[in-house]
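Reviewing the structure listed below.
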Amino acid sequence: MVDKNIRIKDIAKLAGVSVGTVDRVLHNRGRVSPEALKKVTEVMEQIDYKPNLIARTLGSNKNYRIAALLPDPKQDPYWAQSNMGIAQAQTEWAQYGIQVELFLFDLLDKDSFQKMAHEVYLAKPDGILIAPTFYHEAIPIFELFRETDIPYVLFNTNIPEANPLSFIGQNLYQSGRVGAELVYFGQHQPGTLAVLHIDEDIHDSFHLLEKERGFREYFKDRGKGDFSIIDFNLNPKDPSFSNQLDQLLNDSNLRGIFVSTSKGTAVTASFLEKHGKKNIRLVGYDILEENLKYLRNGIIDFLINQNPKRQASLGISHLVNHLMFKKGTPGTDLFPLEVITQQNAESYLSSGIH
C-alpha cells in the first residue's frame, strides 16, 4: 500500500500528465483525452487512491441549512433530550458548513404545528428533520415538502404515507408487544391491565395507537382472554384526572399498567407512590431523570428506552450524508427495544450509549 497522504501532483507525476488533468478526472469536469484518462485511472488503481471526500466538499464552499421541526423542549423532558441530540449534531457538523435552525411548536397545539411547518416551507432549507406528532395535520405538510423536492427525515414517529428520505426510531407496534410481555411477565392471576395515554390526543397520535395495538394483539395472539384490557386517555389538567386514576387503582383486579409516553410514565408513577401502590406492575418509557427516580425506588418496574437524543442526532447526520456526501441513507433506521430495569440502569447510564 502506498502512502495514504499521496497528493494530486504525485498522481500527475506518476501518470505523466498535468495536475489539471488529474483534477478534471477526479471531479469529472472538463474534457480529458481517452489516453490521459487511462493513464490516470491506472495509476489510481495501482496505488489504491481514494479522494478525500470531506476535503473535496469543503473546497466547494457550499453551506447547507437544515430545519429541525419538533415540539418545544421546555414542555417535555423527552423532547429536551431530542433537542440535545440536535445541538450535539450541530456542533459536530458546524466545521463543514452545516447550519441547523430550530422550528419549535406547541406539543398540544395542532395549529402551532401547522404554523411552524409552513414557516419551515417558507424558509426553503436544504433538508428537514421532523417529528410529526400530529398525524392528520402532518399529511398535507409532507405533500407540501415533496413539491419543493426538499429531502426530509422523520424521527420518533413513522407515518407510512410520508415517504421520507429516512425514518429513525423504533418499531412502535413491536414496542407495544414488548410492553405487554413485561406487564404479563410473572403474573400468576388473571385480572385487569390498563393502557394509559396521558396528555396526548390519542386520535391524532399514530405512534401511540401503534403501541396500544401491539399491546392488545400480544394478549390476543397468546389466547390470554382472561386478562381484561382497558385504556384511558387522560389529561392531568382535567379536574376529573385524579378521580379517574383513583377509580382505576381501586380496582382490586388491577394487575398492571402500561403507559405509552415517558412524561406520562412519571405522572403515573408519582400517583402510585402517593397511594402506596407498589404491588401494581408499571411499564413505561425512557430513562429520564424523573423516571429513573421511580425506577430506583421500585415504583416503575421496566422502562423501554427510545433514546430520543440519539434519534435526533442521527437524523441530522443522515441529512448531512445525503446533502454533502451524496451517500445513500437507510429508508428505515430502527433502534433496538432496550429494556431498562432497576438492576441494569446504572451500568447502562455509565456506558454512555444513551
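Letters A, B, ... go to the chains of the C-alpha cells in the order shown; residues in each chain start at 1; ligands are counted from 1 in the same order.
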
Can you check which parts of region 205-228 of chain A lie within 10 Å of region 257-269 of chain A? Per residue, the shortest pair of atoms and distance in Å to one decimal, counting only C-alpha atoms, sorted by chain and number, as CSV.
residue,atom,partner,partner_atom,distance
A:His207,CA,A:Ser260,CA,9.0
A:Leu208,CA,A:Ser260,CA,6.2
A:Leu209,CA,A:Ser260,CA,9.0
A:Glu210,CA,A:Ser260,CA,9.9
A:Lys211,CA,A:Ser260,CA,6.9
A:Glu212,CA,A:Ser260,CA,7.7
A:Phe215,CA,A:Phe258,CA,8.6

Generate the output file for the selected residues, N, CA and C atoms, as a tab-separated table (two decimals), in the first residue's frame.
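Okay, selection-v8.tsv is ready:
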chain	number	residue	atom	x	y	z
A	207	HIS	N	-48.33	7.16	16.63
A	207	HIS	CA	-47.31	6.38	17.35
A	207	HIS	C	-47.89	5.72	18.60
A	208	LEU	N	-48.80	6.39	19.28
A	208	LEU	CA	-49.39	5.81	20.49
A	208	LEU	C	-50.41	4.74	20.15
A	209	LEU	N	-51.15	4.95	19.09
A	209	LEU	CA	-52.11	3.93	18.65
A	209	LEU	C	-51.40	2.64	18.26
A	210	GLU	N	-50.23	2.76	17.63
A	210	GLU	CA	-49.47	1.58	17.25
A	210	GLU	C	-48.97	0.82	18.48
A	211	LYS	N	-48.56	1.55	19.50
A	211	LYS	CA	-48.12	0.89	20.73
A	211	LYS	C	-49.28	0.12	21.38
A	212	GLU	N	-50.44	0.77	21.43
A	212	GLU	CA	-51.60	0.10	22.04
A	212	GLU	C	-52.02	-1.11	21.21
A	215	PHE	N	-49.75	-3.90	22.04
A	215	PHE	CA	-50.03	-4.39	23.39
A	215	PHE	C	-51.22	-5.34	23.39

Worksheet item: DSSP says strand (DSSP E) for which residues of region 34-262 of chain A? Put them as number ranges by chain?
Response: A: 64-71, 98-105, 127-130, 152-155, 166-169, 192-198, 228-234, 254-259

I need the residues from that last selection saved to file as a tab-separated table (two decimals), in the first residue's frame (with C-alpha atoms), if you can.
chain	number	residue	atom	x	y	z
A	64	TYR	CA	-26.18	23.61	3.96
A	65	ARG	CA	-29.15	24.74	6.04
A	66	ILE	CA	-31.17	22.11	7.87
A	67	ALA	CA	-34.51	22.89	9.56
A	68	ALA	CA	-35.48	20.86	12.62
A	69	LEU	CA	-39.24	20.83	13.32
A	70	LEU	CA	-40.05	19.40	16.74
A	71	PRO	CA	-42.07	20.08	19.93
A	98	ILE	CA	-23.81	22.81	8.32
A	99	GLN	CA	-26.33	25.12	9.98
A	100	VAL	CA	-29.32	23.81	11.91
A	101	GLU	CA	-32.29	26.06	12.69
A	102	LEU	CA	-34.93	25.02	15.20
A	103	PHE	CA	-38.64	25.45	14.50
A	104	LEU	CA	-40.47	24.66	17.73
A	105	PHE	CA	-44.19	24.04	18.04
A	127	GLY	CA	-33.09	19.49	4.34
A	128	ILE	CA	-35.66	18.97	7.09
A	129	LEU	CA	-35.70	16.89	10.27
A	130	ILE	CA	-39.25	16.48	11.57
A	152	TYR	CA	-36.83	15.26	4.91
A	153	VAL	CA	-36.12	12.74	7.63
A	154	LEU	CA	-38.69	11.63	10.22
A	155	PHE	CA	-37.79	10.63	13.75
A	166	SER	CA	-35.42	8.06	6.13
A	167	PHE	CA	-37.26	7.23	9.35
A	168	ILE	CA	-35.34	6.92	12.60
A	169	GLY	CA	-36.93	5.41	15.68
A	192	THR	CA	-57.25	-6.07	34.62
A	193	LEU	CA	-54.47	-4.42	32.64
A	194	ALA	CA	-54.58	-0.72	31.81
A	195	VAL	CA	-53.09	1.21	28.90
A	196	LEU	CA	-52.67	4.89	29.78
A	197	HIS	CA	-52.22	7.72	27.28
A	198	ILE	CA	-51.56	10.88	29.28
A	228	SER	CA	-59.27	-7.55	30.61
A	229	ILE	CA	-57.52	-4.66	28.84
A	230	ILE	CA	-58.86	-1.16	29.35
A	231	ASP	CA	-57.46	2.11	28.04
A	232	PHE	CA	-57.59	5.67	29.35
A	233	ASN	CA	-56.86	8.92	27.54
A	234	LEU	CA	-56.14	11.27	30.43
A	254	LEU	CA	-55.74	-4.38	38.53
A	255	ARG	CA	-52.50	-6.26	37.81
A	256	GLY	CA	-50.51	-3.89	35.64
A	257	ILE	CA	-50.29	-0.55	33.84
A	258	PHE	CA	-48.64	0.23	30.51
A	259	VAL	CA	-48.01	3.95	29.88

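Here CA of Arg177 (chain A) stands at a distance of 13.6 Å from CA of Phe302 (chain A).
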
Fill in: Nearby residues (only C-alpha atoms) at most 10 Å from Asp226 (chain A), same-chain spacing under 3 positions excluded, as a ChimeraX atom specification
/A:189-192,219,223,229

Save out the residues we just selected, N, CA, C and O atoms, as a compact mmCIF listing (two decimals), in the first residue's frame.
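Contents of the output file out11.txt:
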# COMPACT_ATOMS: atom_id res chain seq x y z
N GLN A 189 -52.06 -14.53 38.32
CA GLN A 189 -53.51 -14.48 38.36
C GLN A 189 -54.03 -13.57 37.25
O GLN A 189 -53.43 -12.53 36.96
N PRO A 190 -55.14 -13.94 36.63
CA PRO A 190 -55.74 -13.06 35.62
C PRO A 190 -56.31 -11.81 36.29
O PRO A 190 -56.49 -11.76 37.51
N GLY A 191 -56.57 -10.80 35.47
CA GLY A 191 -57.12 -9.57 36.05
C GLY A 191 -57.19 -8.48 35.00
O GLY A 191 -57.27 -8.73 33.81
N THR A 192 -57.13 -7.25 35.47
CA THR A 192 -57.25 -6.07 34.62
C THR A 192 -55.88 -5.49 34.32
O THR A 192 -55.03 -5.38 35.21
N PHE A 219 -51.68 -10.12 23.73
CA PHE A 219 -52.56 -10.97 24.54
C PHE A 219 -53.53 -11.76 23.67
O PHE A 219 -53.84 -12.92 23.96
N GLY A 223 -53.77 -15.93 23.36
CA GLY A 223 -55.01 -16.51 23.88
C GLY A 223 -55.26 -16.20 25.33
O GLY A 223 -55.86 -17.02 26.06
N ILE A 229 -58.35 -5.82 29.16
CA ILE A 229 -57.52 -4.66 28.84
C ILE A 229 -58.40 -3.43 28.66
O ILE A 229 -59.32 -3.43 27.84

Item to complete: Among the residues of region 51-155 of chain A, find those DSSP assigns to alpha helix (DSSP H) from the backbone and print them as a ChimeraX atom specification.
Response: /A:53-59,77-93,110-123,135-148

Worksheet item: Which residue gives the smallest distance to Phe206 (chain A) among A:Ala138, A:Ile150, A:Leu319, A:Leu245, with only C-alpha atoms counted?
Response: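 Between A:Ala138, A:Ile150, A:Leu319, A:Leu245, the residue approaching Phe206 (chain A) most closely is A:Ala138.
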
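Atom pair CA of Met44 (chain A) / CA of Lys326 (chain A) has a distance of 21.6 Å (rounded to one decimal).
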
Worksheet item: Could you name the residues that touch region 328-341 of chain A at 9 Å or less, counting only C-alpha atoms, but leaving out those on the same chain fewer than 4 positions away, as a ChimeraX atom specification?
Response: /A:163-171,174-175,178,286-287,295-296,300-307,311,318-319,321-322,345,348

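Once region 78-92 of chain A and its same-chain neighbours fewer than 6 positions away are set aside, Pro308, Lys309, Arg310, Ala312 and Ser313 of chain A remain within 6 Å of it when counting only C-alpha atoms.
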
Write the residues you've just listed into a file as a PDB file, in the first residue's frame, and include all heavy atoms for each of them.
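Saved file out10.pdb follows:
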ATOM      1  N   PRO A 308     -34.207   9.245  22.573  1.00  0.00           N
ATOM      2  CA  PRO A 308     -34.571  10.405  21.742  1.00  0.00           C
ATOM      3  C   PRO A 308     -33.373  11.264  21.342  1.00  0.00           C
ATOM      4  O   PRO A 308     -33.359  11.841  20.252  1.00  0.00           O
ATOM      5  CB  PRO A 308     -35.541  11.185  22.627  1.00  0.00           C
ATOM      6  CG  PRO A 308     -35.237  10.732  24.025  1.00  0.00           C
ATOM      7  CD  PRO A 308     -34.842   9.298  23.906  1.00  0.00           C
ATOM      8  N   LYS A 309     -32.367  11.353  22.204  1.00  0.00           N
ATOM      9  CA  LYS A 309     -31.184  12.164  21.889  1.00  0.00           C
ATOM     10  C   LYS A 309     -30.471  11.609  20.661  1.00  0.00           C
ATOM     11  O   LYS A 309     -30.121  12.346  19.739  1.00  0.00           O
ATOM     12  CB  LYS A 309     -30.241  12.189  23.091  1.00  0.00           C
ATOM     13  CG  LYS A 309     -28.981  13.013  22.878  1.00  0.00           C
ATOM     14  CD  LYS A 309     -28.120  12.998  24.130  1.00  0.00           C
ATOM     15  CE  LYS A 309     -26.819  13.761  23.908  1.00  0.00           C
ATOM     16  NZ  LYS A 309     -25.950  13.722  25.119  1.00  0.00           N
ATOM     17  N   ARG A 310     -30.264  10.300  20.642  1.00  0.00           N
ATOM     18  CA  ARG A 310     -29.549   9.687  19.519  1.00  0.00           C
ATOM     19  C   ARG A 310     -30.400   9.690  18.251  1.00  0.00           C
ATOM     20  O   ARG A 310     -29.887   9.829  17.143  1.00  0.00           O
ATOM     21  CB  ARG A 310     -29.146   8.264  19.883  1.00  0.00           C
ATOM     22  CG  ARG A 310     -28.303   7.583  18.805  1.00  0.00           C
ATOM     23  CD  ARG A 310     -27.592   6.354  19.314  1.00  0.00           C
ATOM     24  NE  ARG A 310     -27.012   5.605  18.213  1.00  0.00           N
ATOM     25  CZ  ARG A 310     -27.561   4.539  17.641  1.00  0.00           C
ATOM     26  NH1 ARG A 310     -28.713   4.076  18.105  1.00  0.00           N
ATOM     27  NH2 ARG A 310     -26.973   3.923  16.642  1.00  0.00           N
ATOM     28  N   ALA A 312     -32.487  12.005  17.224  1.00  0.00           N
ATOM     29  CA  ALA A 312     -32.413  13.326  16.596  1.00  0.00           C
ATOM     30  C   ALA A 312     -31.030  13.586  16.008  1.00  0.00           C
ATOM     31  O   ALA A 312     -30.897  14.122  14.903  1.00  0.00           O
ATOM     32  CB  ALA A 312     -32.769  14.402  17.618  1.00  0.00           C
ATOM     33  N   SER A 313     -29.999  13.209  16.733  1.00  0.00           N
ATOM     34  CA  SER A 313     -28.628  13.411  16.271  1.00  0.00           C
ATOM     35  C   SER A 313     -28.376  12.637  14.972  1.00  0.00           C
ATOM     36  O   SER A 313     -27.791  13.164  14.015  1.00  0.00           O
ATOM     37  CB  SER A 313     -27.634  12.970  17.348  1.00  0.00           C
ATOM     38  OG  SER A 313     -26.314  13.062  16.893  1.00  0.00           O
TER      39      SER A 313
END

Worksheet item: For Leu14 (chain A), which residue among A:Glu35, A:Glu346, A:Glu42, A:Asp126 is the nearest when counting only C-alpha atoms?
Response: A:Glu42

Worksheet entry | Residue with smallest distance to Arg281 (chain A) - pool A:Tyr294, A:Tyr184, A:Phe241, A:Phe325, counting only C-alpha atoms |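 Ranked by minimum distance to Arg281 (chain A), first place goes to A:Tyr184.
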
Practice prompt. Excluding region 108-110 of chain A and residues on its chain fewer than 6 positions from it, collect all residues at most 12 Å away from it, counting only C-alpha atoms, and give them as number ranges by chain.
Written response: A: 70-72, 75-76, 116-117, 132-138, 198-202, 204-205, 235

Worksheet item: Which value, in Å to one decimal, gives the distance between CA of Val283 (chain A) and CA of Ala131 (chain A)?
Response: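 So the answer is 23.8 Å.
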
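Distances to Pro140 (chain A) were evaluated for A:Ala15, A:Lys124, A:Arg222, A:His118 using only C-alpha atoms, and the minimum falls at A:His118.
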